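A quick write-up on the structure given underneath.
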Amino acid sequence: MIELAKIIQKRQAEAQVIEVKSAHEGCPKKLYDTLSSFSNQDSGGTLVFGLNEKKQFEAVGVYDLQDLQKRITEQCNQMEPPVRAVFTIAEYQGVNICCAEIPGIELTKRPCYYKGIGRVKGSYIRVGDADLPMTDYELYAYEAYRAHLHDDERQVERASLKLLNQDKVAAYIHEKKNERPQFSLMEKEQIYEMLNLTREGIPTLAALLNFCVYPQGLFPQLGITAIVVPGYEIGDVGEYNARFIDNKRIEGTIAEMVEEAITFCKRNMKVKTIINPDTGMRDDKTEYPIKAIREAVLNALIHRDYSFHTEGTPVQINFFADRLEIHSPGTLYGRLTVEQLGKVKADLRNPALAVMTESITGAENRYSGIPTIIREMKEWGLPAPVFENRRNEFVVTLYNGSEKSGSMMVAEEVKPYDEGKTPESLLEFCREPKSRNEIAEFLGVKTVFYVMKRYIKPLLESGELAMTMPEKPKSKLQKYYTIFPN
């Protein structure tokens, strides 16, 4: 306890698990928010009484050790479930100080809240050194885990079986019949129910996300937004004040979104040329390992929260100059912690959806995704991936090691053309002068800045394209035409 007091005074700050109260003139009257927030985190927390935050955490002592413990206990008993604090007292810098250790409560009993104002208003969560009211989503997450609610299995009343791709559904059922011959003895409606395709004849969310012709017609935000930022943070701008080098909305079934996301990432990754010191052979590597990206995107789509609280939030893929971030709505499910990722068998938030997606995409669903990401980044010679369980989302960050370029990297270049496009096709298109927007439309790319960087600029530098207004290179009226050799 004395060592803790020294650390607080040295750091001049509270922390995720430390709250300081002076208590030299009486017991603080409202400890409910901190009692709630400490109880609702696995590590619990410690209330330290007798240091004055307003005076650089000077040791001022407490008014009465016995009465303080009594009044704190009274407040603990007004929580639901009741909090059982463990007290410690000590003499420090000539005065008496006191600590109340608050244990984290069992997950299935959370949230702990102040009975005086109820569960909705009386539940708190610790964020840094602050106690913040729980959001509706955070309260729901506890209830869903406790009651074993799986939002992927909920009925979608607006949908009908006609919206499903019948060929894909038939192929899925055929596969399951091969695995479970007894399915052949059941009626079609029974099979649909057993495979979680329907609930009482109504399609489930899992079925729509895997087999619907256009899932986003029913759930516009259950897709992916993918951007490439010309800098290190959202808001950085590049040439022509463009906020994004590339910007795409990715829709479709889970399988379709995964493939389109991989295509987007390939299009926006650099290619590094590596010289093998043993063989002298050249080897081209993408900026990030494709397998790692695929696993991260699959995990984000399969394990995200699909409750009503997050229907308006898409998965996000954000490229920055030094990193790639993949954001998945919803925190880690149940008891799982970041430290346990890939090491323990955790409960699935979306079991029906996971089984369907495994069959369609080949996703293993064997808790191998995180180890694969870690292994691939290591084999690429890149920094270890960072996994963050933030307040309302889970984030995977892959760093490209741009600040620690190894001596093995002898060249680095950007692929100038996407699959299906060649310099010849663009030059043929520009026989007659074309604007940036016309070229972007021809290439199927939305962002003009991206078109300039990836397509037009290289051909200008090689002398194969020319500008109609070379004296005004940034003019909105600028057009580009092909220079053919004599």
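Letters A, B, ... go to the chains of the structure tokens in the order shown; residues in each chain start at 1; ligands are counted from 1 in the same order.
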| message | Based on the backbone DSSP call, show me all residues of segment 215-413 of chain A assigned helix (DSSP H, G or I), as number ranges by chain. | response | A: 215-217, 239-241, 254-267, 290-303, 308-310, 338-340, 351-361, 369-379, 402-404
| task | Enumerate, as number ranges by chain, the complete set of residues in segment 183-431 of chain A that a backbone-based DSSP assignment places in strand (DSSP E). | result | A: 198-199, 202-203, 224-228, 246-250, 270-275, 282-286, 315-319, 323-329, 386-389, 393-399, 409-414
| field | Within 6 Å of Glu287 of chain A using only C-alpha atoms, minus same-chain residues under 4 positions, as a list in words | value | Met269, Lys270 and Val271 of chain A
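Residue nearest Glu311 of chain A, chosen from A:Leu332, A:Leu348, A:Leu205, A:Leu298 and counting only C-alpha atoms: A:Leu205.
One distance worth recording is that between atom CA of Ala15 of chain A and atom CA of Asp136 of chain A, which is 24.8 Å.
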